[in-house]
file data_35.txt (compact mmCIF, C-alpha atoms)
# COMPACT_ATOMS: atom_id res chain seq x y z
CA MET A 1 -39.94 84.80 69.27
CA THR A 2 -37.05 86.21 67.29
CA ALA A 3 -33.32 86.48 67.95
CA SER A 4 -31.18 88.60 65.68
CA VAL A 5 -27.52 89.25 66.47
CA ALA A 6 -24.50 90.14 64.33
CA GLN A 7 -21.05 89.75 65.85
CA THR A 8 -18.03 91.23 64.09
CA LYS A 9 -14.32 90.87 64.64
CA ALA A 10 -11.53 92.81 62.96
CA GLN A 11 -8.84 90.57 61.47
CA ASP A 12 -5.52 91.62 59.94
CA PHE A 13 -6.99 92.43 56.51
CA THR A 14 -10.71 91.81 56.88
CA VAL A 15 -13.64 92.00 59.25
CA THR A 16 -15.51 88.76 59.79
CA THR A 17 -19.20 88.74 60.65
CA ASP A 18 -21.22 86.02 62.31
CA PRO A 19 -24.90 86.83 61.65
CA LEU A 20 -27.56 85.00 63.63
CA ALA A 21 -31.24 85.25 62.79
CA ARG A 22 -33.58 82.73 64.38
CA ILE A 23 -37.36 82.55 64.80
CA TRP A 24 -39.12 80.20 67.20
CA ALA A 25 -42.86 79.75 66.86
CA THR A 26 -45.74 77.46 67.77
CA HIS A 27 -48.53 77.31 65.20
CA LEU A 28 -51.91 76.15 66.50
CA GLU A 29 -55.07 75.44 64.53
CA SER A 30 -58.58 75.56 66.02
CA GLY A 31 -59.42 72.55 68.21
CA THR A 32 -58.28 70.75 71.36
CA GLY A 33 -55.81 68.10 70.12
CA ALA A 34 -52.18 68.10 69.13
CA GLY A 35 -51.28 71.28 67.23
CA GLN A 36 -54.57 72.89 68.29
CA ALA A 37 -56.07 75.36 70.76
CA ASP A 38 -59.62 76.69 71.14
CA LYS A 39 -59.28 79.45 73.76
CA ALA A 40 -57.27 82.67 73.88
CA TRP A 41 -57.03 85.60 76.27
CA HIS A 42 -54.89 88.71 75.89
CA ASP A 43 -54.53 92.06 77.55
CA GLN A 44 -52.18 94.94 78.30
CA ARG A 45 -52.07 95.36 82.08
CA THR A 46 -50.59 97.86 84.52
CA LEU A 47 -49.63 97.13 88.11
CA THR A 48 -49.14 99.97 90.56
CA ALA A 49 -45.99 100.14 92.70
CA SER A 50 -45.41 96.85 94.60
CA ALA A 51 -48.76 95.46 93.39
CA THR A 52 -49.48 91.85 92.43
CA GLU A 53 -52.35 90.23 90.59
CA ASP A 54 -53.55 86.68 90.12
CA LEU A 55 -54.63 85.63 86.65
CA ASP A 56 -57.06 82.76 87.28
CA LEU A 57 -56.71 80.40 84.33
CA ALA A 58 -59.85 78.45 85.25
CA GLY A 59 -62.88 80.64 85.49
CA THR A 60 -62.42 84.42 85.81
CA LEU A 61 -60.70 85.63 82.63
CA VAL A 62 -63.15 86.99 80.04
CA ASP A 63 -62.44 86.72 76.31
CA VAL A 64 -63.09 89.36 73.64
CA TYR A 65 -66.64 87.99 73.17
CA GLY A 66 -67.54 88.47 76.84
CA ALA A 67 -67.41 84.77 77.70
CA THR A 68 -65.62 83.49 80.80
CA ILE A 69 -62.71 81.22 79.87
CA THR A 70 -61.80 78.03 81.68
CA PHE A 71 -58.52 76.64 80.42
CA ALA A 72 -57.91 72.92 80.91
CA ARG A 73 -54.47 73.12 79.28
CA ILE A 74 -52.21 75.95 78.22
CA LYS A 75 -50.51 75.70 74.83
CA GLY A 76 -48.89 79.14 74.69
CA LEU A 77 -47.89 81.86 77.16
CA PHE A 78 -46.41 85.15 76.01
CA VAL A 79 -45.53 87.91 78.48
CA VAL A 80 -43.68 91.08 77.46
CA ALA A 81 -42.67 93.84 79.87
CA ALA A 82 -42.92 97.39 78.55
CA ALA A 83 -39.65 99.04 77.57
CA ALA A 84 -40.51 102.09 79.70
CA ASN A 85 -40.80 100.11 82.96
CA THR A 86 -38.45 100.98 85.80
CA ASN A 87 -39.18 97.90 87.94
CA ASN A 88 -39.12 94.20 87.08
CA VAL A 89 -42.24 92.24 86.16
CA ILE A 90 -42.19 88.86 87.91
CA ILE A 91 -44.40 85.99 86.75
CA GLY A 92 -45.08 82.73 88.59
CA ALA A 93 -45.46 81.34 92.14
CA GLY A 94 -48.30 82.57 94.36
CA THR A 95 -51.24 80.81 96.01
CA ASN A 96 -52.66 77.79 94.14
CA PRO A 97 -50.01 78.35 91.46
CA TRP A 98 -50.25 76.99 87.95
CA ALA A 99 -47.15 74.88 88.43
CA THR A 100 -47.01 72.66 85.36
CA LEU A 101 -44.90 75.17 83.42
CA PHE A 102 -43.25 76.84 86.41
CA THR A 103 -42.71 74.92 89.63
CA ALA A 104 -44.92 75.93 92.57
CA THR A 105 -42.28 78.45 93.66
CA GLY A 106 -40.63 79.13 90.30
CA THR A 107 -40.69 82.57 88.73
CA VAL A 108 -39.41 84.40 85.67
CA THR A 109 -38.16 87.97 86.05
CA LEU A 110 -38.64 90.34 83.12
CA LYS A 111 -36.19 93.20 83.57
CA PRO A 112 -36.97 96.84 82.79
CA GLY A 113 -35.37 99.14 80.30
CA ALA A 114 -35.92 97.13 77.14
CA ALA A 115 -38.77 95.09 75.75
CA CYS A 116 -38.12 91.92 77.71
CA GLY A 117 -40.34 88.95 77.09
CA PHE A 118 -41.06 85.35 77.94
CA PHE A 119 -42.47 82.81 75.49
CA ALA A 120 -43.48 79.19 76.04
CA GLY A 121 -45.30 77.20 73.39
CA SER A 122 -46.36 73.59 73.08
CA GLY A 123 -47.78 71.94 69.98
CA ASP A 124 -48.42 68.55 71.58
CA ALA A 125 -51.83 67.36 72.79
CA VAL A 126 -51.12 67.87 76.50
CA GLY A 127 -49.57 71.33 76.78
CA TRP A 128 -49.34 72.41 80.42
CA PRO A 129 -52.40 71.22 82.40
CA VAL A 130 -54.44 73.59 84.57
CA THR A 131 -56.08 72.25 87.75
CA ALA A 132 -59.11 74.34 88.70
CA ALA A 133 -59.06 75.66 92.29
CA THR A 134 -55.69 74.14 93.25
CA GLY A 135 -53.32 74.82 90.33
CA ASP A 136 -54.76 77.59 88.19
CA ILE A 137 -53.23 80.90 89.30
CA LEU A 138 -50.60 82.74 87.28
CA LYS A 139 -49.27 85.43 89.59
CA VAL A 140 -47.83 88.63 88.12
CA ALA A 141 -45.98 91.07 90.37
CA ASN A 142 -44.34 94.48 90.27
CA SER A 143 -40.95 93.99 91.94
CA ALA A 144 -40.69 97.34 93.70
CA GLY A 145 -42.51 100.22 95.30
CA SER A 146 -41.22 103.07 93.19
CA THR A 147 -43.30 103.06 89.99
CA SER A 148 -45.98 101.12 88.13
CA VAL A 149 -45.18 98.52 85.47
CA THR A 150 -47.00 97.65 82.27
CA TYR A 151 -46.96 94.29 80.54
CA ASP A 152 -48.66 92.52 77.65
CA VAL A 153 -49.92 88.99 78.14
CA VAL A 154 -51.31 86.41 75.72
CA ILE A 155 -52.55 83.02 76.94
CA VAL A 156 -53.61 80.34 74.45
CA GLY A 157 -54.99 76.97 75.41
CA CYS A 158 -57.70 74.38 75.33
CA SER A 159 -61.07 74.02 77.05
CA ALA A 160 -60.73 70.22 77.26
call {"tool": "encode", "arguments": {"input": "data_35.txt", "output": "structure tokens"}}
result
Amino acid sequence: MTASVAQTKAQDFTVTTDPLARIWATHLESGTGAGQADKAWHDQRTLTASATEDLDLAGTLVDVYGATITFARIKGLFVVAAAANTNNVIIGAGTNPWATLFTATGTVTLKPGAACGFFAGSGDAVGWPVTAATGDILKVANSAGSTSVTYDVVIVGCSA
């Protein structure tokens, strides 16, 4: 994730600038230990007006090779709402929620009008555990009934 901002202020004889450029990243090699991940799923999705969907992290997502993925731990979650959206994209909560990153009722709201994203990455061995059947649902919702929303999602994690 990148932040780039330049603030300026006019002084009596000069203009001072405070440039900020910062990149945050989690680099993961292939495997299931610290600094590693062996599963990935990504997609661009669209939700109709007021729609919700449950992304089941343990057993229904299919990778690019056609194999069903069961995450035991998540090491990276990236969600970006499309700039053209009119409504918010809300992630988190739901039934049998994956609550080790978000609480059981916690959500993140990605506002419309600009590319608004959420990034969480963990390079340690544990990441954020997934509990099949009782704590494995990442809910994504369209906040309103006026228009559809589009979002990109990338989930990286471990099978064990």
call {"tool": "residues_around", "arguments": {"input": "data_35.txt", "residues": "Asn96 (chain A)", "least_positions_apart": "2", "cutoff": "10 Å", "atoms": "only C-alpha atoms", "output": "PDB file with C-alpha atoms, in the coordinates of the input"}}
result
ATOM      1  CA  ASP A  54     -53.550  86.680  90.120  1.00  0.00           C
ATOM      2  CA  ASP A  56     -57.060  82.760  87.280  1.00  0.00           C
ATOM      3  CA  ALA A  93     -45.460  81.340  92.140  1.00  0.00           C
ATOM      4  CA  GLY A  94     -48.300  82.570  94.360  1.00  0.00           C
ATOM      5  CA  TRP A  98     -50.250  76.990  87.950  1.00  0.00           C
ATOM      6  CA  ALA A  99     -47.150  74.880  88.430  1.00  0.00           C
ATOM      7  CA  ALA A 104     -44.920  75.930  92.570  1.00  0.00           C
ATOM      8  CA  THR A 131     -56.080  72.250  87.750  1.00  0.00           C
ATOM      9  CA  ALA A 132     -59.110  74.340  88.700  1.00  0.00           C
ATOM     10  CA  ALA A 133     -59.060  75.660  92.290  1.00  0.00           C
ATOM     11  CA  THR A 134     -55.690  74.140  93.250  1.00  0.00           C
ATOM     12  CA  GLY A 135     -53.320  74.820  90.330  1.00  0.00           C
ATOM     13  CA  ASP A 136     -54.760  77.590  88.190  1.00  0.00           C
ATOM     14  CA  ILE A 137     -53.230  80.900  89.300  1.00  0.00           C
ATOM     15  CA  LEU A 138     -50.600  82.740  87.280  1.00  0.00           C
ATOM     16  CA  LYS A 139     -49.270  85.430  89.590  1.00  0.00           C
TER      17      LYS A 139
END
call {"tool": "closest_residue", "arguments": {"input": "data_35.txt", "among": "A:Lys75, A:Thr16, A:Gln7, A:Gly117", "to": "Ser30 (chain A)", "atoms": "only C-alpha atoms"}}
result
A:Lys75
call {"tool": "closest_residue", "arguments": {"input": "data_35.txt", "among": "A:Thr150, A:Thr68, A:Thr60, A:Thr109", "to": "Thr46 (chain A)", "atoms": "only C-alpha atoms"}}
result
A:Thr150
call {"tool": "residues_around", "arguments": {"input": "data_35.txt", "residues": "Thr17 (chain A)", "least_positions_apart": "6", "cutoff": "7 Å", "atoms": "only C-alpha atoms", "output": "PDB file with C-alpha atoms, in the coordinates of the input"}}
result
ATOM      1  CA  ALA A   6     -24.500  90.140  64.330  1.00  0.00           C
ATOM      2  CA  GLN A   7     -21.050  89.750  65.850  1.00  0.00           C
ATOM      3  CA  THR A   8     -18.030  91.230  64.090  1.00  0.00           C
ATOM      4  CA  LYS A   9     -14.320  90.870  64.640  1.00  0.00           C
TER       5      LYS A   9
END
call {"tool": "closest_residue", "arguments": {"input": "data_35.txt", "among": "A:Ala25, A:Ala40, A:Ala141, A:Val5", "to": "Leu110 (chain A)", "atoms": "only C-alpha atoms"}}
result
A:Ala141
call {"tool": "decode", "arguments": {"input": "data_35.txt", "residues": "region 109-151 of chain A", "atoms": "N, CA and C atoms", "output": "compact mmCIF listing (two decimals), in the first residue's frame"}}
result
# COMPACT_ATOMS: atom_id res chain seq x y z
N THR A 109 -15.62 0.13 6.07
CA THR A 109 -16.40 0.74 5.01
C THR A 109 -15.47 1.39 4.00
N LEU A 110 -15.58 0.94 2.75
CA LEU A 110 -14.80 1.54 1.67
C LEU A 110 -15.72 2.49 0.92
N LYS A 111 -15.43 3.76 1.00
CA LYS A 111 -16.31 4.79 0.44
C LYS A 111 -16.18 4.87 -1.08
N PRO A 112 -17.22 5.37 -1.72
CA PRO A 112 -17.21 5.52 -3.19
C PRO A 112 -16.51 6.81 -3.62
N GLY A 113 -16.33 6.91 -4.93
CA GLY A 113 -15.86 8.15 -5.49
C GLY A 113 -14.37 8.23 -5.75
N ALA A 114 -13.62 7.35 -5.13
CA ALA A 114 -12.18 7.29 -5.36
C ALA A 114 -11.76 5.86 -5.08
N ALA A 115 -10.66 5.44 -5.63
CA ALA A 115 -10.19 4.08 -5.36
C ALA A 115 -9.87 4.02 -3.87
N CYS A 116 -10.71 3.37 -3.12
CA CYS A 116 -10.57 3.27 -1.68
C CYS A 116 -10.29 1.83 -1.33
N GLY A 117 -9.23 1.57 -0.60
CA GLY A 117 -8.85 0.20 -0.34
C GLY A 117 -8.54 -0.09 1.10
N PHE A 118 -8.46 -1.39 1.38
CA PHE A 118 -8.11 -1.90 2.69
C PHE A 118 -7.02 -2.94 2.50
N PHE A 119 -5.97 -2.88 3.31
CA PHE A 119 -4.88 -3.83 3.23
C PHE A 119 -4.54 -4.30 4.63
N ALA A 120 -4.40 -5.60 4.82
CA ALA A 120 -3.88 -6.17 6.05
C ALA A 120 -2.92 -7.27 5.66
N GLY A 121 -1.72 -7.23 6.21
CA GLY A 121 -0.73 -8.25 5.89
C GLY A 121 -0.01 -8.69 7.15
N SER A 122 0.34 -9.97 7.19
CA SER A 122 1.05 -10.53 8.33
C SER A 122 2.14 -11.46 7.83
N GLY A 123 3.36 -11.21 8.25
CA GLY A 123 4.47 -12.06 7.86
C GLY A 123 4.83 -13.11 8.91
N ASP A 124 4.12 -13.11 10.03
CA ASP A 124 4.45 -14.10 11.07
C ASP A 124 3.90 -15.48 10.70
N ALA A 125 4.13 -16.46 11.52
CA ALA A 125 3.70 -17.83 11.23
C ALA A 125 2.20 -18.03 11.42
N VAL A 126 1.57 -17.22 12.27
CA VAL A 126 0.17 -17.45 12.62
C VAL A 126 -0.80 -16.76 11.67
N GLY A 127 -0.53 -15.52 11.29
CA GLY A 127 -1.49 -14.77 10.48
C GLY A 127 -2.78 -14.60 11.25
N TRP A 128 -3.91 -14.69 10.56
CA TRP A 128 -5.22 -14.61 11.19
C TRP A 128 -5.93 -15.94 10.93
N PRO A 129 -6.07 -16.78 11.98
CA PRO A 129 -6.66 -18.12 11.80
C PRO A 129 -8.08 -18.09 11.26
N VAL A 130 -8.40 -19.15 10.50
CA VAL A 130 -9.74 -19.38 9.96
C VAL A 130 -10.26 -20.64 10.63
N THR A 131 -11.50 -20.61 11.13
CA THR A 131 -12.11 -21.78 11.74
C THR A 131 -13.24 -22.25 10.84
N ALA A 132 -13.02 -23.39 10.18
CA ALA A 132 -14.02 -23.92 9.24
C ALA A 132 -15.36 -24.10 9.94
N ALA A 133 -16.43 -23.69 9.26
CA ALA A 133 -17.82 -23.83 9.66
C ALA A 133 -18.29 -22.83 10.71
N THR A 134 -17.41 -22.33 11.58
CA THR A 134 -17.87 -21.41 12.61
C THR A 134 -17.20 -20.03 12.56
N GLY A 135 -16.10 -19.89 11.83
CA GLY A 135 -15.40 -18.61 11.76
C GLY A 135 -14.65 -18.49 10.45
N ASP A 136 -15.39 -18.62 9.34
CA ASP A 136 -14.73 -18.65 8.04
C ASP A 136 -15.40 -17.79 6.96
N ILE A 137 -16.34 -16.94 7.34
CA ILE A 137 -17.08 -16.16 6.36
C ILE A 137 -16.62 -14.70 6.38
N LEU A 138 -16.19 -14.22 5.21
CA LEU A 138 -15.90 -12.80 5.02
C LEU A 138 -17.07 -12.22 4.23
N LYS A 139 -17.90 -11.46 4.92
CA LYS A 139 -19.07 -10.87 4.28
C LYS A 139 -18.68 -9.59 3.56
N VAL A 140 -19.23 -9.41 2.36
CA VAL A 140 -19.04 -8.17 1.59
C VAL A 140 -20.44 -7.68 1.22
N ALA A 141 -20.68 -6.39 1.44
CA ALA A 141 -22.03 -5.85 1.22
C ALA A 141 -21.99 -4.54 0.45
N ASN A 142 -23.04 -4.34 -0.35
CA ASN A 142 -23.32 -3.07 -1.00
C ASN A 142 -24.18 -2.28 -0.02
N SER A 143 -23.78 -1.07 0.33
CA SER A 143 -24.44 -0.33 1.41
C SER A 143 -25.81 0.22 1.07
N ALA A 144 -26.19 0.26 -0.20
CA ALA A 144 -27.45 0.93 -0.53
C ALA A 144 -28.16 0.27 -1.70
N GLY A 145 -29.38 0.72 -1.92
CA GLY A 145 -30.22 0.12 -2.95
C GLY A 145 -30.28 0.87 -4.26
N SER A 146 -29.36 1.81 -4.46
CA SER A 146 -29.47 2.62 -5.67
C SER A 146 -28.72 2.07 -6.87
N THR A 147 -27.50 1.59 -6.67
CA THR A 147 -26.69 1.10 -7.79
C THR A 147 -25.83 -0.08 -7.34
N SER A 148 -25.24 -0.76 -8.31
CA SER A 148 -24.32 -1.85 -7.99
C SER A 148 -22.96 -1.27 -7.58
N VAL A 149 -22.13 -2.12 -6.97
CA VAL A 149 -20.76 -1.75 -6.64
C VAL A 149 -19.83 -2.84 -7.17
N THR A 150 -18.62 -2.43 -7.51
CA THR A 150 -17.59 -3.35 -7.95
C THR A 150 -16.41 -3.23 -7.01
N TYR A 151 -15.78 -4.37 -6.72
CA TYR A 151 -14.59 -4.35 -5.88
C TYR A 151 -13.63 -5.44 -6.31
